[in-house]
>>> print(open('upload-v8.cif').read())   # mmCIF, C-alpha atoms, pLDDT in the B column; chains and numbers go by the auth columns
data_upload
loop_
_atom_site.group_PDB
_atom_site.id
_atom_site.type_symbol
_atom_site.label_atom_id
_atom_site.label_comp_id
_atom_site.label_asym_id
_atom_site.label_seq_id
_atom_site.Cartn_x
_atom_site.Cartn_y
_atom_site.Cartn_z
_atom_site.B_iso_or_equiv
_atom_site.auth_seq_id
_atom_site.auth_asym_id
ATOM 1 C CA MET A 1 -23.575 -3.870 8.268 52.00 406 M
ATOM 2 C CA ALA A 2 -25.293 -3.648 11.635 51.00 407 M
ATOM 3 C CA ASP A 3 -22.378 -1.481 12.842 56.00 408 M
ATOM 4 C CA LEU A 4 -23.369 1.040 10.174 57.00 409 M
ATOM 5 C CA GLY A 5 -26.942 1.120 11.378 52.00 410 M
ATOM 6 C CA LEU A 6 -28.141 -0.672 8.264 53.00 411 M
ATOM 7 C CA TRP A 7 -31.125 -2.968 8.460 49.00 412 M
ATOM 8 C CA VAL A 8 -30.744 -6.651 9.140 54.00 413 M
ATOM 9 C CA GLU A 9 -33.382 -7.313 6.484 57.00 414 M
ATOM 10 C CA PRO A 10 -32.688 -4.488 4.060 62.00 415 M
ATOM 11 C CA ARG A 11 -35.012 -2.958 1.547 71.00 416 M
ATOM 12 C CA PRO A 12 -33.627 -1.294 -1.540 75.00 417 M
ATOM 13 C CA LEU A 13 -33.274 2.438 -1.075 80.00 418 M
ATOM 14 C CA LYS A 14 -33.676 5.187 -3.604 90.00 419 M
ATOM 15 C CA PRO A 15 -30.525 6.602 -5.236 94.00 420 M
ATOM 16 C CA SER A 16 -29.964 9.566 -2.882 95.00 421 M
ATOM 17 C CA PHE A 17 -29.954 7.295 0.170 94.00 422 M
ATOM 18 C CA HIS A 18 -27.943 4.625 -1.661 94.00 423 M
ATOM 19 C CA LEU A 19 -25.210 7.202 -2.285 97.00 424 M
ATOM 20 C CA VAL A 20 -25.205 8.134 1.412 96.00 425 M
ATOM 21 C CA GLN A 21 -24.762 4.435 2.208 94.00 426 M
ATOM 22 C CA VAL A 22 -21.885 4.230 -0.294 97.00 427 M
ATOM 23 C CA LEU A 23 -20.153 6.945 1.727 97.00 428 M
ATOM 24 C CA GLN A 24 -20.863 5.124 4.980 95.00 429 M
ATOM 25 C CA VAL A 25 -19.350 1.923 3.604 95.00 430 M
ATOM 26 C CA LEU A 26 -16.248 3.740 2.323 97.00 431 M
ATOM 27 C CA GLU A 27 -15.797 5.529 5.645 96.00 432 M
ATOM 28 C CA ARG A 28 -16.190 2.301 7.596 94.00 433 M
ATOM 29 C CA TYR A 29 -14.122 -0.077 5.463 95.00 434 M
ATOM 30 C CA GLY A 30 -11.821 2.365 3.705 97.00 435 M
ATOM 31 C CA TRP A 31 -11.544 3.776 0.200 98.00 436 M
ATOM 32 C CA CYS A 32 -9.154 2.461 -2.410 97.00 437 M
ATOM 33 C CA GLN A 33 -8.169 2.903 -6.018 96.00 438 M
ATOM 34 C CA SER A 34 -7.516 0.381 -8.800 94.00 439 M
ATOM 35 C CA PHE A 35 -9.573 -2.371 -7.131 94.00 440 M
ATOM 36 C CA ASP A 36 -13.285 -2.812 -6.549 96.00 441 M
ATOM 37 C CA PHE A 37 -12.230 -4.682 -3.392 95.00 442 M
ATOM 38 C CA SER A 38 -8.632 -4.469 -2.164 95.00 443 M
ATOM 39 C CA PRO A 39 -6.894 -7.402 -0.459 95.00 444 M
ATOM 40 C CA THR A 40 -7.286 -5.538 2.852 95.00 445 M
ATOM 41 C CA GLY A 41 -11.062 -5.034 2.430 93.00 446 M
ATOM 42 C CA LYS A 42 -11.106 -1.438 1.228 97.00 447 M
ATOM 43 C CA MET A 43 -13.412 -0.539 -1.662 97.00 448 M
ATOM 44 C CA CYS A 44 -13.693 1.933 -4.475 97.00 449 M
ATOM 45 C CA ILE A 45 -17.004 3.636 -5.275 98.00 450 M
ATOM 46 C CA ARG A 46 -18.071 0.835 -7.630 97.00 451 M
ATOM 47 C CA GLY A 47 -17.017 -1.810 -5.102 97.00 452 M
ATOM 48 C CA ALA A 48 -19.133 -0.204 -2.386 97.00 453 M
ATOM 49 C CA GLN A 49 -22.092 -0.143 -4.764 97.00 454 M
ATOM 50 C CA THR A 50 -21.568 -3.813 -5.599 96.00 455 M
ATOM 51 C CA PHE A 51 -21.377 -4.639 -1.899 94.00 456 M
ATOM 52 C CA LEU A 52 -24.630 -2.787 -1.180 93.00 457 M
ATOM 53 C CA GLU A 53 -26.408 -4.361 -4.147 92.00 458 M
ATOM 54 C CA SER A 54 -25.279 -7.852 -3.148 90.00 459 M
ATOM 55 C CA THR A 55 -26.688 -7.321 0.357 86.00 460 M
ATOM 56 C CA GLY A 56 -30.045 -6.023 -0.908 86.00 461 M
ATOM 57 C CA HIS A 57 -29.549 -2.357 -0.004 86.00 462 M
ATOM 58 C CA VAL A 58 -30.064 -1.168 -3.576 90.00 463 M
ATOM 59 C CA SER A 59 -31.767 -2.653 -6.615 90.00 464 M
ATOM 60 C CA SER A 60 -30.001 -2.788 -9.963 92.00 465 M
ATOM 61 C CA ILE A 61 -32.388 -0.087 -11.207 93.00 466 M
ATOM 62 C CA GLY A 62 -31.673 2.153 -8.204 94.00 467 M
ATOM 63 C CA ARG A 63 -27.963 1.570 -8.631 95.00 468 M
ATOM 64 C CA GLY A 64 -28.212 2.511 -12.301 96.00 469 M
ATOM 65 C CA LYS A 65 -29.956 5.745 -11.385 97.00 470 M
ATOM 66 C CA ALA A 66 -27.291 6.452 -8.754 97.00 471 M
ATOM 67 C CA VAL A 67 -24.599 5.921 -11.395 97.00 472 M
ATOM 68 C CA ASN A 68 -26.337 8.504 -13.583 97.00 473 M
ATOM 69 C CA TYR A 69 -26.229 10.959 -10.684 98.00 474 M
ATOM 70 C CA LEU A 70 -22.531 10.230 -10.133 98.00 475 M
ATOM 71 C CA GLN A 71 -21.931 10.958 -13.807 98.00 476 M
ATOM 72 C CA SER A 72 -23.983 14.169 -13.554 97.00 477 M
ATOM 73 C CA ALA A 73 -21.921 15.303 -10.573 97.00 478 M
ATOM 74 C CA LEU A 74 -18.721 14.716 -12.524 97.00 479 M
ATOM 75 C CA HIS A 75 -20.142 16.451 -15.595 97.00 480 M
ATOM 76 C CA SER A 76 -20.917 19.519 -13.452 95.00 481 M
ATOM 77 C CA GLN A 77 -17.157 19.622 -12.721 94.00 482 M
ATOM 78 C CA ASP A 78 -16.387 19.394 -16.479 96.00 483 M
ATOM 79 C CA VAL A 79 -15.166 15.806 -16.076 96.00 484 M
ATOM 80 C CA ASP A 80 -16.044 13.594 -19.027 96.00 485 M
ATOM 81 C CA MET A 81 -15.119 10.103 -17.892 96.00 486 M
ATOM 82 C CA LYS A 82 -16.731 7.172 -16.135 97.00 487 M
ATOM 83 C CA PHE A 83 -16.923 7.579 -12.352 97.00 488 M
ATOM 84 C CA TRP A 84 -14.945 4.386 -11.740 96.00 489 M
ATOM 85 C CA ALA A 85 -12.090 5.626 -13.946 97.00 490 M
ATOM 86 C CA TRP A 86 -12.228 9.030 -12.243 97.00 491 M
ATOM 87 C CA ASN A 87 -12.003 7.257 -8.856 97.00 492 M
ATOM 88 C CA ASP A 88 -8.622 5.850 -9.909 97.00 493 M
ATOM 89 C CA LEU A 89 -6.986 9.115 -10.993 97.00 494 M
ATOM 90 C CA PRO A 90 -3.712 9.485 -9.077 96.00 495 M
ATOM 91 C CA HIS A 91 -4.502 12.992 -7.770 95.00 496 M
ATOM 92 C CA ASN A 92 -7.846 11.990 -6.213 95.00 497 M
ATOM 93 C CA THR A 93 -8.244 11.849 -2.464 97.00 498 M
ATOM 94 C CA PHE A 94 -11.025 10.461 -0.326 97.00 499 M
ATOM 95 C CA ALA A 95 -12.041 14.034 0.520 97.00 500 M
ATOM 96 C CA GLY A 96 -12.645 14.682 -3.187 97.00 501 M
ATOM 97 C CA VAL A 97 -14.478 11.389 -3.605 97.00 502 M
ATOM 98 C CA ARG A 98 -16.663 12.182 -0.587 97.00 503 M
ATOM 99 C CA ALA A 99 -17.509 15.620 -2.001 97.00 504 M
ATOM 100 C CA MET A 100 -18.422 14.201 -5.414 97.00 505 M
ATOM 101 C CA ILE A 101 -20.655 11.452 -3.972 98.00 506 M
ATOM 102 C CA SER A 102 -22.331 13.973 -1.631 97.00 507 M
ATOM 103 C CA ASN A 103 -22.966 16.248 -4.601 97.00 508 M
ATOM 104 C CA ALA A 104 -24.468 13.331 -6.554 98.00 509 M
ATOM 105 C CA SER A 105 -26.708 12.463 -3.586 97.00 510 M
ATOM 106 C CA ASP A 106 -27.854 16.084 -3.330 97.00 511 M
ATOM 107 C CA ILE A 107 -28.715 16.143 -7.050 97.00 512 M
ATOM 108 C CA ALA A 108 -30.665 12.891 -6.675 96.00 513 M
ATOM 109 C CA GLN A 109 -32.562 14.210 -3.664 95.00 514 M
ATOM 110 C CA LYS A 110 -33.479 17.447 -5.474 96.00 515 M
ATOM 111 C CA ASN A 111 -34.879 15.298 -8.294 95.00 516 M
ATOM 112 C CA GLY A 112 -36.993 13.257 -5.882 92.00 517 M
ATOM 113 C CA ASP A 113 -34.752 10.233 -6.119 92.00 518 M
#
>>> encode(input="upload-v8.cif", output="structure tokens")
Amino acid sequence: MADLGLWVEPRPLKPSFHLVQVLQVLERYGWCQSFDFSPTGKMCIRGAQTFLESTGHVSSIGRGKAVNYLQSALHSQDVDMKFWAWNDLPHNTFAGVRAMISNASDIAQKNGD
């Protein structure tokens, strides 16, 4: 985590910053589908969130709000499915995942979260 510039003694961040950290984790450790945590250490969106929550970088409430923003970002693309199921769609790429998470973070920031 120190390699990512994250605090040694973390404090939970608000949803917009949590989503930025999700991207940082996925860029650092790799993105995957079908697993929260792959055997090689890659993570899906939900896995990265779990990792950050387990290390104190987001509270369960902040994570829940971030999930709502992920769902809002998908809804704005006319996607009506859970973000973790969307993550696993065969046509998805990390570029698309990055764009969706960035959009969710932007929405959160505009809402003061």
>>> resolve_selection(input="upload-v8.cif", expression="the PyMOL selection byres ((chain M and resi 435) around 12)", output="ChimeraX atom specification")
/M:427-434,436-438,441-450,452-453,498-499,502-503
>>> resolve_selection(input="upload-v8.cif", expression="the PyMOL selection byres ((chain M and resi 460-472) around 6)", output="PyMOL selection string")
chain M and resi 415-420+457-459+473-475
>>> closest_residue(input="upload-v8.cif", among="M:Asn516, M:Ser439, M:Ser510, M:Ser421", to="Asp493 (chain M)", atoms="all atoms listed in the file")
M:Ser439
>>> atom_distance(input="upload-v8.cif", atom1="CA of His496 (chain M)", atom2="CA of Phe422 (chain M)")
27.3 Å
>>> atom_distance(input="upload-v8.cif", atom1="CA of Ser481 (chain M)", atom2="CA of Met505 (chain M)")
10.0 Å
>>> closest_residue(input="upload-v8.cif", among="M:Asn508, M:Gln454, M:Gln514, M:Gln426", to="Gln476 (chain M)", atoms="only C-alpha atoms")
M:Asn508
>>> atom_distance(input="upload-v8.cif", atom1="CA of Val484 (chain M)", atom2="CA of Lys515 (chain M)")
21.2 Å
>>> build_atoms(input="upload-v8.cif", residues="region 489-510 of chain M", atoms="N, CA, C and O atoms", output="CSV table (one decimal), in the coordinates of the input")
chain,number,residue,atom,x,y,z
M,489,TRP,N,-15.9,5.4,-12.2
M,489,TRP,CA,-14.9,4.4,-11.7
M,489,TRP,C,-13.5,4.7,-12.2
M,489,TRP,O,-12.6,4.4,-11.5
M,490,ALA,N,-13.4,5.2,-13.4
M,490,ALA,CA,-12.1,5.6,-13.9
M,490,ALA,C,-11.6,6.9,-13.2
M,490,ALA,O,-10.4,7.0,-12.9
M,491,TRP,N,-12.6,7.8,-13.0
M,491,TRP,CA,-12.2,9.0,-12.2
M,491,TRP,C,-11.7,8.7,-10.8
M,491,TRP,O,-10.8,9.3,-10.3
M,492,ASN,N,-12.4,7.7,-10.2
M,492,ASN,CA,-12.0,7.3,-8.9
M,492,ASN,C,-10.5,6.9,-8.8
M,492,ASN,O,-9.9,7.1,-7.8
M,493,ASP,N,-10.0,6.4,-9.9
M,493,ASP,CA,-8.6,5.8,-9.9
M,493,ASP,C,-7.6,6.9,-10.3
M,493,ASP,O,-6.4,6.5,-10.4
M,494,LEU,N,-8.0,8.1,-10.6
M,494,LEU,CA,-7.0,9.1,-11.0
M,494,LEU,C,-6.0,9.3,-9.8
M,494,LEU,O,-6.4,9.4,-8.7
M,495,PRO,N,-4.7,9.4,-10.1
M,495,PRO,CA,-3.7,9.5,-9.1
M,495,PRO,C,-3.8,10.7,-8.1
M,495,PRO,O,-3.5,10.6,-7.0
M,496,HIS,N,-4.4,11.8,-8.6
M,496,HIS,CA,-4.5,13.0,-7.8
M,496,HIS,C,-5.7,13.0,-6.9
M,496,HIS,O,-5.9,13.9,-6.0
M,497,ASN,N,-6.6,12.0,-7.0
M,497,ASN,CA,-7.8,12.0,-6.2
M,497,ASN,C,-7.5,11.6,-4.8
M,497,ASN,O,-6.7,10.8,-4.5
M,498,THR,N,-8.3,12.2,-3.9
M,498,THR,CA,-8.2,11.8,-2.5
M,498,THR,C,-9.6,11.4,-2.0
M,498,THR,O,-10.6,11.7,-2.7
M,499,PHE,N,-9.7,10.8,-0.8
M,499,PHE,CA,-11.0,10.5,-0.3
M,499,PHE,C,-11.9,11.7,-0.1
M,499,PHE,O,-13.1,11.7,-0.3
M,500,ALA,N,-11.3,12.8,0.3
M,500,ALA,CA,-12.0,14.0,0.5
M,500,ALA,C,-12.7,14.5,-0.8
M,500,ALA,O,-13.9,14.8,-0.8
M,501,GLY,N,-12.0,14.4,-1.9
M,501,GLY,CA,-12.6,14.7,-3.2
M,501,GLY,C,-13.7,13.7,-3.6
M,501,GLY,O,-14.8,14.1,-4.1
M,502,VAL,N,-13.5,12.4,-3.3
M,502,VAL,CA,-14.5,11.4,-3.6
M,502,VAL,C,-15.7,11.6,-2.8
M,502,VAL,O,-16.9,11.6,-3.2
M,503,ARG,N,-15.5,11.9,-1.5
M,503,ARG,CA,-16.7,12.2,-0.6
M,503,ARG,C,-17.5,13.4,-1.1
M,503,ARG,O,-18.7,13.3,-1.1
M,504,ALA,N,-16.8,14.4,-1.5
M,504,ALA,CA,-17.5,15.6,-2.0
M,504,ALA,C,-18.3,15.3,-3.3
M,504,ALA,O,-19.5,15.8,-3.4
M,505,MET,N,-17.7,14.5,-4.2
M,505,MET,CA,-18.4,14.2,-5.4
M,505,MET,C,-19.7,13.3,-5.1
M,505,MET,O,-20.7,13.6,-5.7
M,506,ILE,N,-19.5,12.3,-4.3
M,506,ILE,CA,-20.7,11.5,-4.0
M,506,ILE,C,-21.7,12.2,-3.2
M,506,ILE,O,-22.9,12.1,-3.5
M,507,SER,N,-21.4,13.1,-2.3
M,507,SER,CA,-22.3,14.0,-1.6
M,507,SER,C,-23.1,14.9,-2.6
M,507,SER,O,-24.3,15.0,-2.5
M,508,ASN,N,-22.3,15.4,-3.6
M,508,ASN,CA,-23.0,16.2,-4.6
M,508,ASN,C,-24.0,15.4,-5.4
M,508,ASN,O,-25.1,15.9,-5.7
M,509,ALA,N,-23.6,14.2,-5.8
M,509,ALA,CA,-24.5,13.3,-6.6
M,509,ALA,C,-25.7,13.0,-5.7
M,509,ALA,O,-26.8,13.0,-6.3
M,510,SER,N,-25.6,12.7,-4.4
M,510,SER,CA,-26.7,12.5,-3.6
M,510,SER,C,-27.6,13.7,-3.5
M,510,SER,O,-28.9,13.5,-3.5
